[in-house]
>>> print(open('run.pdb').read())   # PDB, C-alpha atoms
MODEL        1
ATOM      1  CA  MET A1040       0.000   0.000   0.000
ATOM      2  CA  ASP A1041       1.561   3.333  -0.933
ATOM      3  CA  SER A1042       1.763   6.073   1.627
ATOM      4  CA  THR A1043      -0.558   8.579  -0.043
ATOM      5  CA  GLU A1044      -3.366   6.046   0.054
ATOM      6  CA  SER A1045      -3.027   5.087   3.653
ATOM      7  CA  GLN A1046      -3.371   8.522   5.143
ATOM      8  CA  GLY A1047      -6.975   9.437   4.487
ATOM      9  CA  GLY A1048      -9.139  10.390   1.534
ATOM     10  CA  TRP A1049      -8.256  14.074   1.200
ATOM     11  CA  ARG A1050      -4.615  13.220   0.584
ATOM     12  CA  TRP A1051      -5.156  10.972  -2.409
ATOM     13  CA  GLY A1052      -2.914  11.736  -5.319
ATOM     14  CA  THR A1053      -4.508  12.621  -8.639
ATOM     15  CA  ALA A1054      -3.977   9.124 -10.008
ATOM     16  CA  GLY A1055      -5.560   7.549  -6.962
ATOM     17  CA  PHE A1056      -8.501   9.928  -7.202
ATOM     18  CA  ARG A1057      -9.051   9.091 -10.863
ATOM     19  CA  ARG A1058      -8.831   5.405 -10.151
ATOM     20  CA  ARG A1059     -11.385   5.624  -7.398
ATOM     21  CA  THR A1060     -13.735   7.775  -9.457
ATOM     22  CA  ARG A1061     -13.569   5.266 -12.280
ATOM     23  CA  ALA A1062     -14.094   2.363  -9.912
ATOM     24  CA  LEU A1063     -17.124   4.075  -8.411
ATOM     25  CA  ARG A1064     -18.610   4.803 -11.816
ATOM     26  CA  GLU A1065     -18.016   1.267 -13.000
ATOM     27  CA  TRP A1066     -19.512  -0.115  -9.842
ATOM     28  CA  ALA A1067     -22.576   2.137 -10.137
ATOM     29  CA  THR A1068     -23.184   1.176 -13.768
ATOM     30  CA  GLY A1069     -22.409  -2.508 -13.338
ATOM     31  CA  THR A1070     -19.560  -2.449 -15.840
ATOM     32  CA  ARG A1071     -16.680  -2.919 -13.441
ATOM     33  CA  ARG A1072     -14.066  -5.211 -14.907
ATOM     34  CA  LEU A1073     -14.132  -8.562 -13.149
ATOM     35  CA  ARG A1074     -10.945  -9.396 -11.324
ATOM     36  CA  CYS A1075      -9.193 -12.680 -12.048
ATOM     37  CA  GLN A1076      -9.862 -13.697  -8.472
ATOM     38  CA  GLU A1077     -13.589 -13.273  -9.108
ATOM     39  CA  MET A1078     -13.403 -14.982 -12.485
ATOM     40  CA  VAL A1079     -12.187 -18.259 -11.007
ATOM     41  CA  GLU A1080     -15.274 -18.476  -8.808
ATOM     42  CA  LEU A1081     -17.626 -17.959 -11.764
ATOM     43  CA  VAL A1082     -16.223 -20.615 -14.082
ATOM     44  CA  THR A1083     -18.776 -23.322 -13.264
ATOM     45  CA  LEU A1084     -21.674 -20.885 -13.544
ATOM     46  CA  TYR A1085     -20.259 -19.803 -16.902
ATOM     47  CA  LEU A1086     -19.919 -23.373 -18.172
ATOM     48  CA  GLU A1087     -23.457 -24.126 -16.949
ATOM     49  CA  GLY A1088     -24.816 -21.096 -18.780
ATOM     50  CA  ALA A1089     -26.119 -19.863 -15.433
ATOM     51  CA  LEU A1090     -24.628 -16.366 -15.357
ATOM     52  CA  ASP A1091     -27.001 -13.447 -15.802
ATOM     53  CA  ALA A1092     -26.617 -11.692 -19.146
ATOM     54  CA  ALA A1093     -24.620  -8.726 -17.836
ATOM     55  CA  THR A1094     -22.153 -10.878 -15.904
ATOM     56  CA  HIS A1095     -21.850 -13.251 -18.840
ATOM     57  CA  THR A1096     -20.791 -10.326 -21.031
ATOM     58  CA  ARG A1097     -18.289  -9.106 -18.449
ATOM     59  CA  PHE A1098     -16.933 -12.635 -18.066
ATOM     60  CA  GLU A1099     -16.327 -13.036 -21.797
ATOM     61  CA  HIS A1100     -14.923  -9.546 -22.074
ATOM     62  CA  HIS A1101     -12.356 -10.342 -19.382
ATOM     63  CA  LEU A1102     -11.603 -13.688 -20.998
ATOM     64  CA  GLN A1103     -10.684 -12.036 -24.302
ATOM     65  CA  GLN A1104      -8.156  -9.827 -22.584
ATOM     66  CA  CYS A1105      -6.664 -12.191 -20.038
ATOM     67  CA  ASP A1106      -4.500 -15.167 -21.003
ATOM     68  CA  GLY A1107      -4.357 -16.335 -17.386
ATOM     69  CA  CYS A1108      -8.105 -16.678 -17.053
ATOM     70  CA  ALA A1109      -8.373 -18.217 -20.515
ATOM     71  CA  GLY A1110      -5.747 -20.743 -19.371
ATOM     72  CA  TYR A1111      -7.647 -21.362 -16.164
ATOM     73  CA  LEU A1112     -10.879 -21.988 -18.070
ATOM     74  CA  GLU A1113      -9.046 -24.464 -20.308
ATOM     75  CA  GLN A1114      -7.662 -26.258 -17.245
ATOM     76  CA  PHE A1115     -11.174 -26.440 -15.847
ATOM     77  CA  ARG A1116     -12.536 -27.872 -19.092
ATOM     78  CA  THR A1117      -9.762 -30.463 -19.152
ATOM     79  CA  THR A1118     -10.572 -31.339 -15.539
ATOM     80  CA  VAL A1119     -14.245 -31.945 -16.363
ATOM     81  CA  HIS A1120     -13.264 -33.986 -19.399
ATOM     82  CA  THR A1121     -10.761 -36.025 -17.378
ATOM     83  CA  VAL A1122     -13.334 -36.888 -14.711
ATOM     84  CA  GLY A1123     -15.680 -37.899 -17.528
ATOM     85  CA  ALA A1124     -13.069 -40.363 -18.756
ATOM     86  CA  ILE A1125     -12.801 -42.173 -15.400
ATOM     87  CA  ARG A1126     -13.921 -45.754 -15.848
ATOM     88  CA  GLU A1127     -15.152 -47.730 -12.899
ATOM     89  CA  ASP A1128     -15.935 -51.138 -14.327
ATOM     90  CA  GLN A1129     -14.291 -53.675 -12.072
ATOM     91  CA  ILE A1130     -16.568 -55.935 -10.118
ATOM     92  CA  ASP A1131     -15.486 -58.288  -7.372
ATOM     93  CA  PRO A1132     -16.398 -61.785  -8.643
ATOM     94  CA  LEU A1133     -17.531 -62.885  -5.178
ATOM     95  CA  PHE A1134     -19.901 -59.961  -4.906
ATOM     96  CA  ARG A1135     -21.161 -60.610  -8.421
ATOM     97  CA  ALA A1136     -21.858 -64.248  -7.531
ATOM     98  CA  ARG A1137     -23.690 -63.144  -4.413
ATOM     99  CA  LEU A1138     -25.953 -60.861  -6.453
ATOM    100  CA  LEU A1139     -26.726 -63.606  -8.955
ATOM    101  CA  ASP A1140     -27.557 -66.031  -6.124
ATOM    102  CA  ALA A1141     -29.849 -63.473  -4.555
ATOM    103  CA  PHE A1142     -31.537 -63.028  -7.917
ATOM    104  CA  ALA A1143     -32.090 -66.763  -8.292
ATOM    105  CA  GLU A1144     -33.623 -66.959  -4.818
ATOM    106  CA  THR A1145     -35.870 -63.947  -5.279
ATOM    107  CA  ALA A1146     -36.941 -64.843  -8.796
ATOM    108  CA  GLY A1147     -37.528 -68.435  -7.692
ATOM    109  CA  SER A1148     -39.802 -67.324  -4.867
ATOM    110  CA  TRP A1149     -42.361 -65.665  -7.158
TER     111      TRP A1149
ATOM    112  CA  MET B 691     -20.824 -42.130 -18.761
ATOM    113  CA  VAL B 692     -22.039 -45.696 -18.653
ATOM    114  CA  ALA B 693     -22.155 -47.132 -22.129
ATOM    115  CA  ARG B 694     -25.611 -47.919 -23.403
ATOM    116  CA  SER B 695     -24.468 -51.051 -25.087
ATOM    117  CA  THR B 696     -27.589 -52.952 -24.259
ATOM    118  CA  ASP B 697     -31.190 -52.524 -25.215
ATOM    119  CA  GLU B 698     -32.744 -51.677 -21.909
ATOM    120  CA  SER B 699     -36.370 -52.503 -22.592
ATOM    121  CA  ALA B 700     -35.495 -55.946 -23.948
ATOM    122  CA  LEU B 701     -33.434 -56.616 -20.827
ATOM    123  CA  ILE B 702     -36.247 -55.486 -18.569
ATOM    124  CA  ALA B 703     -38.652 -57.790 -20.368
ATOM    125  CA  ALA B 704     -36.199 -60.667 -19.928
ATOM    126  CA  LEU B 705     -35.805 -59.778 -16.280
ATOM    127  CA  ARG B 706     -39.573 -59.974 -15.795
ATOM    128  CA  ALA B 707     -39.395 -63.477 -17.204
ATOM    129  CA  GLY B 708     -36.773 -64.364 -14.572
ATOM    130  CA  ASP B 709     -33.863 -64.534 -17.015
ATOM    131  CA  GLN B 710     -30.691 -64.613 -14.949
ATOM    132  CA  SER B 711     -28.384 -63.785 -17.863
ATOM    133  CA  ALA B 712     -30.280 -60.534 -18.410
ATOM    134  CA  PHE B 713     -29.800 -59.755 -14.744
ATOM    135  CA  ALA B 714     -26.082 -60.534 -15.007
ATOM    136  CA  LEU B 715     -25.712 -58.125 -17.944
ATOM    137  CA  LEU B 716     -27.344 -55.312 -16.002
ATOM    138  CA  VAL B 717     -25.303 -56.087 -12.909
ATOM    139  CA  ASP B 718     -22.068 -55.915 -14.895
ATOM    140  CA  GLU B 719     -23.060 -52.647 -16.479
ATOM    141  CA  TYR B 720     -24.238 -50.728 -13.443
ATOM    142  CA  THR B 721     -22.819 -52.310 -10.299
ATOM    143  CA  PRO B 722     -19.290 -50.818 -10.405
ATOM    144  CA  THR B 723     -20.509 -47.221 -10.618
ATOM    145  CA  MET B 724     -23.309 -47.911  -8.125
ATOM    146  CA  LEU B 725     -20.681 -49.109  -5.642
ATOM    147  CA  TRP B 726     -18.573 -46.030  -6.306
ATOM    148  CA  VAL B 727     -21.511 -43.730  -5.572
ATOM    149  CA  ALA B 728     -22.719 -45.756  -2.577
ATOM    150  CA  ARG B 729     -19.270 -45.621  -1.008
ATOM    151  CA  GLY B 730     -19.599 -41.848  -0.876
ATOM    152  CA  HIS B 731     -22.611 -42.180   1.381
ATOM    153  CA  VAL B 732     -21.745 -44.961   3.809
ATOM    154  CA  ALA B 733     -18.844 -45.734   6.087
ATOM    155  CA  THR B 734     -17.496 -48.987   4.706
ATOM    156  CA  HIS B 735     -17.195 -50.940   1.498
ATOM    157  CA  ALA B 736     -19.172 -53.789   3.051
ATOM    158  CA  ILE B 737     -22.122 -51.509   3.774
ATOM    159  CA  ALA B 738     -21.896 -50.114   0.256
ATOM    160  CA  GLU B 739     -22.191 -53.666  -1.098
ATOM    161  CA  GLU B 740     -25.261 -54.276   1.068
ATOM    162  CA  VAL B 741     -26.827 -51.069  -0.206
ATOM    163  CA  VAL B 742     -26.177 -52.046  -3.818
ATOM    164  CA  GLN B 743     -27.506 -55.548  -3.269
ATOM    165  CA  GLU B 744     -30.647 -54.180  -1.646
ATOM    166  CA  THR B 745     -31.127 -51.888  -4.640
ATOM    167  CA  TRP B 746     -30.903 -54.746  -7.117
ATOM    168  CA  MET B 747     -33.357 -56.786  -5.069
ATOM    169  CA  ALA B 748     -35.745 -53.815  -4.995
ATOM    170  CA  LEU B 749     -35.589 -53.761  -8.784
ATOM    171  CA  VAL B 750     -36.155 -57.497  -9.105
ATOM    172  CA  LYS B 751     -39.096 -57.462  -6.712
ATOM    173  CA  GLY B 752     -40.598 -54.372  -8.306
ATOM    174  CA  ILE B 753     -39.791 -55.200 -11.915
ATOM    175  CA  SER B 754     -43.388 -56.038 -12.793
ATOM    176  CA  ARG B 755     -44.322 -52.517 -11.769
ATOM    177  CA  PHE B 756     -41.335 -50.837 -13.410
ATOM    178  CA  GLU B 757     -42.900 -48.677 -16.057
ATOM    179  CA  GLY B 758     -39.742 -47.347 -17.594
ATOM    180  CA  ARG B 759     -40.874 -43.782 -17.178
ATOM    181  CA  SER B 760     -37.436 -42.898 -15.932
ATOM    182  CA  SER B 761     -34.412 -44.612 -17.391
ATOM    183  CA  LEU B 762     -33.350 -47.712 -15.534
ATOM    184  CA  ARG B 763     -30.092 -46.030 -14.585
ATOM    185  CA  THR B 764     -31.842 -43.037 -13.020
ATOM    186  CA  TRP B 765     -34.200 -45.369 -11.174
ATOM    187  CA  LEU B 766     -31.342 -47.476  -9.807
ATOM    188  CA  PHE B 767     -29.368 -44.489  -8.539
ATOM    189  CA  ALA B 768     -32.427 -42.806  -7.041
ATOM    190  CA  VAL B 769     -33.429 -45.928  -5.109
ATOM    191  CA  MET B 770     -29.859 -46.656  -4.105
ATOM    192  CA  ILE B 771     -29.165 -43.172  -2.780
ATOM    193  CA  ASN B 772     -32.315 -43.362  -0.674
ATOM    194  CA  ILE B 773     -31.284 -46.711   0.745
ATOM    195  CA  ALA B 774     -27.776 -45.403   1.417
ATOM    196  CA  LYS B 775     -29.114 -42.346   3.201
ATOM    197  CA  ALA B 776     -31.289 -44.509   5.401
ATOM    198  CA  ARG B 777     -28.208 -46.546   6.303
ATOM    199  CA  GLY B 778     -26.633 -43.794   8.319
ATOM    200  CA  ILE B 779     -24.733 -41.175   6.526
ATOM    201  CA  ARG B 780     -21.001 -40.991   6.417
ATOM    202  CA  GLU B 781     -19.627 -38.289   8.602
ATOM    203  CA  ARG B 782     -20.685 -34.976   7.126
ATOM    204  CA  ARG B 783     -17.537 -33.120   6.387
ATOM    205  CA  ASP B 784     -19.285 -30.498   4.315
ATOM    206  CA  ARG B 785     -22.443 -29.800   6.219
ATOM    207  CA  ASP B 786     -21.974 -26.118   5.781
ATOM    208  CA  ALA B 787     -21.423 -25.986   2.050
ATOM    209  CA  VAL B 788     -22.967 -22.577   1.553
ATOM    210  CA  ALA B 789     -20.882 -20.872   4.200
ATOM    211  CA  ARG B 790     -17.799 -22.491   2.727
ATOM    212  CA  PHE B 791     -18.482 -20.941  -0.647
ATOM    213  CA  ILE B 792     -17.016 -17.672   0.506
ATOM    214  CA  GLU B 793     -13.723 -19.487   0.849
ATOM    215  CA  ALA B 794     -11.693 -19.107  -2.300
ATOM    216  CA  THR B 795     -11.293 -22.170  -4.515
ATOM    217  CA  VAL B 796      -7.919 -20.904  -5.708
ATOM    218  CA  ASP B 797      -5.141 -20.049  -3.236
ATOM    219  CA  THR B 798      -5.282 -16.289  -2.645
ATOM    220  CA  ALA B 799      -1.467 -16.205  -2.838
ATOM    221  CA  ARG B 800      -1.829 -16.777  -6.577
ATOM    222  CA  PHE B 801      -3.171 -13.237  -6.983
ATOM    223  CA  HIS B 802      -1.762  -9.784  -6.360
ATOM    224  CA  ALA B 803      -2.846  -8.592  -2.945
ATOM    225  CA  ARG B 804      -5.118  -5.704  -2.052
ATOM    226  CA  GLY B 805      -3.467  -2.322  -2.358
ATOM    227  CA  ASP B 806      -1.434  -3.472  -5.338
ATOM    228  CA  ALA B 807      -2.273  -1.756  -8.631
ATOM    229  CA  HIS B 808      -3.000  -5.240 -10.023
ATOM    230  CA  ALA B 809      -4.994  -6.398  -7.016
ATOM    231  CA  GLY B 810      -6.921  -9.572  -7.752
ATOM    232  CA  SER B 811      -4.967 -10.388 -10.946
ATOM    233  CA  TRP B 812      -2.840 -13.461 -11.481
ATOM    234  CA  LYS B 813       0.762 -13.231 -10.361
ATOM    235  CA  GLU B 814       1.658 -16.204 -12.558
ATOM    236  CA  PRO B 815      -1.058 -16.753 -15.135
ATOM    237  CA  PRO B 816      -2.142 -20.397 -15.486
ATOM    238  CA  THR B 817      -1.665 -22.030 -18.831
ATOM    239  CA  ALA B 818      -3.728 -24.815 -20.375
ATOM    240  CA  PHE B 819      -2.667 -28.350 -19.479
ATOM    241  CA  PRO B 820      -0.584 -30.101 -22.134
ATOM    242  CA  GLU B 821      -2.422 -32.103 -24.767
ATOM    243  CA  SER B 822      -3.072 -35.639 -23.581
ATOM    244  CA  PRO B 823      -4.626 -37.713 -26.340
ATOM    245  CA  GLU B 824      -7.010 -40.461 -25.287
ATOM    246  CA  GLY B 825      -4.989 -43.552 -24.399
ATOM    247  CA  SER B 826      -1.712 -41.696 -23.838
ATOM    248  CA  VAL B 827       0.288 -42.305 -20.674
ATOM    249  CA  LEU B 828      -0.367 -38.743 -19.556
ATOM    250  CA  SER B 829      -4.132 -39.044 -19.956
ATOM    251  CA  GLN B 830      -4.120 -42.247 -17.904
ATOM    252  CA  GLU B 831      -2.043 -40.568 -15.206
ATOM    253  CA  LEU B 832      -4.367 -37.566 -15.087
ATOM    254  CA  ARG B 833      -7.384 -39.852 -14.906
ATOM    255  CA  SER B 834      -6.102 -41.826 -11.953
ATOM    256  CA  ILE B 835      -5.023 -38.658 -10.118
ATOM    257  CA  ALA B 836      -8.457 -37.156 -10.746
ATOM    258  CA  GLN B 837     -10.171 -40.306  -9.487
ATOM    259  CA  ARG B 838      -8.091 -40.377  -6.296
ATOM    260  CA  GLU B 839      -8.937 -36.757  -5.576
ATOM    261  CA  LEU B 840     -12.600 -37.283  -6.411
ATOM    262  CA  ASP B 841     -12.669 -40.073  -3.841
ATOM    263  CA  LYS B 842     -11.228 -37.740  -1.206
ATOM    264  CA  LEU B 843     -13.770 -34.951  -1.677
ATOM    265  CA  PRO B 844     -16.319 -34.231   1.043
ATOM    266  CA  GLU B 845     -19.376 -36.443   0.633
ATOM    267  CA  ARG B 846     -21.707 -34.098  -1.184
ATOM    268  CA  GLN B 847     -19.051 -32.699  -3.509
ATOM    269  CA  ARG B 848     -18.007 -36.248  -4.330
ATOM    270  CA  SER B 849     -21.605 -37.211  -5.115
ATOM    271  CA  VAL B 850     -22.309 -34.191  -7.278
ATOM    272  CA  VAL B 851     -19.061 -34.367  -9.272
ATOM    273  CA  THR B 852     -19.452 -38.139  -9.704
ATOM    274  CA  LEU B 853     -23.028 -37.916 -10.934
ATOM    275  CA  ARG B 854     -22.500 -34.863 -13.149
ATOM    276  CA  ASP B 855     -19.020 -35.221 -14.587
ATOM    277  CA  MET B 856     -18.174 -38.901 -14.239
ATOM    278  CA  LEU B 857     -21.584 -40.411 -15.012
ATOM    279  CA  GLY B 858     -23.076 -37.610 -17.098
ATOM    280  CA  PHE B 859     -26.370 -37.012 -15.306
ATOM    281  CA  ASP B 860     -27.750 -33.543 -16.014
ATOM    282  CA  SER B 861     -28.125 -30.922 -13.320
ATOM    283  CA  ALA B 862     -31.897 -31.348 -12.881
ATOM    284  CA  GLU B 863     -31.464 -35.100 -12.366
ATOM    285  CA  VAL B 864     -28.701 -34.575  -9.832
ATOM    286  CA  CYS B 865     -30.744 -32.054  -7.860
ATOM    287  CA  GLU B 866     -33.547 -34.577  -7.675
ATOM    288  CA  LEU B 867     -31.344 -37.567  -6.868
ATOM    289  CA  LEU B 868     -29.591 -35.754  -4.031
ATOM    290  CA  ASP B 869     -32.519 -33.561  -3.000
ATOM    291  CA  ILE B 870     -30.572 -30.319  -3.244
ATOM    292  CA  THR B 871     -31.270 -26.943  -4.853
ATOM    293  CA  ALA B 872     -29.814 -25.959  -8.213
ATOM    294  CA  GLY B 873     -27.742 -23.264  -6.517
ATOM    295  CA  ASN B 874     -26.298 -25.649  -3.973
ATOM    296  CA  GLN B 875     -25.574 -28.183  -6.663
ATOM    297  CA  ARG B 876     -23.518 -25.653  -8.608
ATOM    298  CA  ILE B 877     -21.577 -24.641  -5.510
ATOM    299  CA  LEU B 878     -20.721 -28.253  -4.698
ATOM    300  CA  LEU B 879     -19.844 -28.962  -8.326
ATOM    301  CA  HIS B 880     -17.613 -25.914  -8.514
ATOM    302  CA  ARG B 881     -15.746 -26.667  -5.301
ATOM    303  CA  GLY B 882     -15.211 -30.302  -6.258
ATOM    304  CA  ARG B 883     -14.004 -29.500  -9.762
ATOM    305  CA  ALA B 884     -11.704 -26.775  -8.439
ATOM    306  CA  ALA B 885     -10.084 -29.208  -5.986
ATOM    307  CA  ILE B 886      -9.480 -31.747  -8.751
ATOM    308  CA  ARG B 887      -8.130 -29.044 -11.079
ATOM    309  CA  GLN B 888      -5.632 -28.107  -8.387
ATOM    310  CA  VAL B 889      -4.147 -31.598  -8.032
ATOM    311  CA  LEU B 890      -3.956 -31.969 -11.806
ATOM    312  CA  GLU B 891      -2.131 -28.658 -12.031
ATOM    313  CA  ASP B 892       0.269 -29.687  -9.267
ATOM    314  CA  TYR B 893       0.988 -32.912 -11.108
ATOM    315  CA  VAL B 894       1.526 -31.265 -14.490
ATOM    316  CA  ARG B 895       3.818 -28.659 -12.938
ATOM    317  CA  ASP B 896       5.982 -31.160 -11.103
ATOM    318  CA  ASP B 897       6.093 -33.415 -14.122
ATOM    319  CA  SER B 898       7.343 -30.767 -16.519
ATOM    320  CA  SER B 899       9.474 -28.801 -14.096
ATOM    321  CA  VAL B 900      13.056 -28.435 -15.156
ATOM    322  CA  PRO B 901      15.618 -29.289 -12.484
ATOM    323  CA  THR B 902      16.707 -26.239 -10.572
ATOM    324  CA  ASP B 903      20.230 -25.056 -11.269
ATOM    325  CA  SER B 904      21.586 -25.709  -7.814
TER     326      SER B 904
ENDMDL
END
>>> encode(input="run.pdb", output="structure tokens")
Amino acid sequence: MDSTESQGGWRWGTAGFRRRTRALREWATGTRRLRCQEMVELVTLYLEGALDAATHTRFEHHLQQCDGCAGYLEQFRTTVHTVGAIREDQIDPLFRARLLDAFAETAGSW
Amino acid sequence: MVARSTDESALIAALRAGDQSAFALLVDEYTPTMLWVARGHVATHAIAEEVVQETWMALVKGISRFEGRSSLRTWLFAVMINIAKARGIRERRDRDAVARFIEATVDTARFHARGDAHAGSWKEPPTAFPESPEGSVLSQELRSIAQRELDKLPERQRSVVTLRDMLGFDSAEVCELLDITAGNQRILLHRGRAAIRQVLEDYVRDDSSVPTDS
């Protein structure tokens, strides 16, 4: 934190004042640029198509300008794809035999 | 996603007739993933097997009334999750999922801190994972790392990520199966995916890191 900022509002430098004015305007009009740290929490909503229209636009706008967030989104997509490729197809033969026995008993009792 | 290699309605008809080979086909197709899901809800593998067995017996006993309105797979998982829940739930490590959402899913140290001109931006921007064609050694490695992490997730995250991303159920089905809201489902999905992304990133980094020049 630089010293001009930490000593109270009336001492802000011109640059700090401009930055704050812009931030306030952007906040008031809902056009504030999303920060990367916010982007990472919106990725699932984005992929689900669950962002509201304004946030969706801001998300994509950020994405076009930020290689880091584009990279993060790609990592996330790869993660989803990788989980989708997990195969769980082993079955314990003893358990399988137990199920088939239970079937024979139940079906036989009709 | 479970392969739909078999014609379900023909199998159900055979099952009604007491055909054990039809039953065996269905068991082979669905039991492994049913066990995986059940294990997320109960304390031991043995209890998970009981839950799965009870589910199959519920199908066999109720097969004459099975109208096929929902797919067999959805029916099996819905019944099984109910049975599992009744069996005493595994310790709830994520009871407070909503409160936890305010916790960041990416280490805050990865971003410039408050007060910095670039506050909230990446210090070191992430880059896409390397290409890993289906069947490559890398893709197999990533898959097994992802599966290990998935297994370690808190119960509800594990269930949601398993049902959505591993088995391909859609979000409405998952909300119904687990009796959770759409918002909560997305939070759990996001947290679970983010945790798995992190271990994959750690692995890829370590794997490709050049030795330090010490």
>>> residues_around(input="run.pdb", residues="Leu749 in chain B", least_positions_apart="2", cutoff="10 Å", atoms="all atoms listed in the file", output="PyMOL selection string")
chain B and resi 702+705+743-747+751-756+762+765-766+769
>>> atom_distance(input="run.pdb", atom1="CA of Arg1072 in chain A", atom2="CA of Thr1096 in chain A")
10.4 Å
>>> resolve_selection(input="run.pdb", expression="the ChimeraX specification (/B :<9) & /A", output="VMD selection string")
chain A and resid 1040 to 1041 1044 1074 to 1077 1079 to 1084 1087 1105 to 1115 1117 to 1131 1134 to 1135 1137 to 1139 1141 to 1143 1145 to 1147 1149
>>> closest_residue(input="run.pdb", among="B:Ser826, B:Ser699, B:Thr734, B:Gln875", to="Asp860 in chain B", atoms="only C-alpha atoms")
B:Gln875
>>> atom_distance(input="run.pdb", atom1="CA of Ala1093 in chain A", atom2="CA of Arg1071 in chain A")
10.8 Å
>>> atom_distance(input="run.pdb", atom1="CA of Val864 in chain B", atom2="CA of Leu1086 in chain A")
16.5 Å
>>> residues_around(input="run.pdb", residues="Arg1097 in chain A", least_positions_apart="4", cutoff="10 Å", atoms="only C-alpha atoms", output="list in words")
Gly1069, Thr1070, Arg1071, Arg1072, Leu1073, Met1078, Ala1092, Ala1093, His1101 and Leu1102 of chain A
>>> decode(input="run.pdb", residues="range 881-894 of chain B", atoms="N, CA, C and O atoms", output="mmCIF file, in the first residue's frame")
data_model
loop_
_atom_site.group_PDB
_atom_site.id
_atom_site.type_symbol
_atom_site.label_atom_id
_atom_site.label_comp_id
_atom_site.auth_asym_id
_atom_site.auth_seq_id
_atom_site.Cartn_x
_atom_site.Cartn_y
_atom_site.Cartn_z
ATOM 1 N N ARG B 881 -16.792 -26.406 -6.296
ATOM 2 C CA ARG B 881 -15.746 -26.667 -5.301
ATOM 3 C C ARG B 881 -15.021 -27.981 -5.605
ATOM 4 O O ARG B 881 -13.810 -28.074 -5.506
ATOM 5 N N GLY B 882 -15.803 -28.998 -5.962
ATOM 6 C CA GLY B 882 -15.211 -30.302 -6.258
ATOM 7 C C GLY B 882 -14.310 -30.250 -7.486
ATOM 8 O O GLY B 882 -13.184 -30.749 -7.469
ATOM 9 N N ARG B 883 -14.809 -29.617 -8.548
ATOM 10 C CA ARG B 883 -14.004 -29.500 -9.762
ATOM 11 C C ARG B 883 -12.736 -28.712 -9.488
ATOM 12 O O ARG B 883 -11.655 -29.054 -9.993
ATOM 13 N N ALA B 884 -12.866 -27.631 -8.708
ATOM 14 C CA ALA B 884 -11.704 -26.775 -8.439
ATOM 15 C C ALA B 884 -10.629 -27.558 -7.685
ATOM 16 O O ALA B 884 -9.431 -27.399 -7.945
ATOM 17 N N ALA B 885 -11.058 -28.410 -6.750
ATOM 18 C CA ALA B 885 -10.084 -29.208 -5.986
ATOM 19 C C ALA B 885 -9.362 -30.189 -6.907
ATOM 20 O O ALA B 885 -8.144 -30.385 -6.802
ATOM 21 N N ILE B 886 -10.098 -30.792 -7.830
ATOM 22 C CA ILE B 886 -9.480 -31.747 -8.751
ATOM 23 C C ILE B 886 -8.551 -31.007 -9.722
ATOM 24 O O ILE B 886 -7.439 -31.458 -10.002
ATOM 25 N N ARG B 887 -8.995 -29.844 -10.211
ATOM 26 C CA ARG B 887 -8.130 -29.044 -11.079
ATOM 27 C C ARG B 887 -6.793 -28.765 -10.397
ATOM 28 O O ARG B 887 -5.734 -28.846 -11.012
ATOM 29 N N GLN B 888 -6.853 -28.456 -9.110
ATOM 30 C CA GLN B 888 -5.632 -28.107 -8.387
ATOM 31 C C GLN B 888 -4.634 -29.265 -8.365
ATOM 32 O O GLN B 888 -3.453 -29.066 -8.616
ATOM 33 N N VAL B 889 -5.106 -30.479 -8.082
ATOM 34 C CA VAL B 889 -4.147 -31.598 -8.032
ATOM 35 C C VAL B 889 -3.608 -31.927 -9.421
ATOM 36 O O VAL B 889 -2.457 -32.320 -9.565
ATOM 37 N N LEU B 890 -4.451 -31.735 -10.444
ATOM 38 C CA LEU B 890 -3.956 -31.969 -11.806
ATOM 39 C C LEU B 890 -2.876 -30.937 -12.151
ATOM 40 O O LEU B 890 -1.846 -31.272 -12.743
ATOM 41 N N GLU B 891 -3.119 -29.706 -11.764
ATOM 42 C CA GLU B 891 -2.131 -28.658 -12.031
ATOM 43 C C GLU B 891 -0.821 -28.947 -11.299
ATOM 44 O O GLU B 891 0.264 -28.815 -11.877
ATOM 45 N N ASP B 892 -0.932 -29.348 -10.037
ATOM 46 C CA ASP B 892 0.269 -29.687 -9.267
ATOM 47 C C ASP B 892 1.054 -30.785 -9.973
ATOM 48 O O ASP B 892 2.273 -30.719 -10.092
ATOM 49 N N TYR B 893 0.329 -31.791 -10.445
ATOM 50 C CA TYR B 893 0.988 -32.912 -11.108
ATOM 51 C C TYR B 893 1.686 -32.459 -12.392
ATOM 52 O O TYR B 893 2.852 -32.782 -12.623
ATOM 53 N N VAL B 894 0.967 -31.710 -13.207
ATOM 54 C CA VAL B 894 1.526 -31.265 -14.490
ATOM 55 C C VAL B 894 2.749 -30.391 -14.264
ATOM 56 O O VAL B 894 3.755 -30.501 -14.967
#
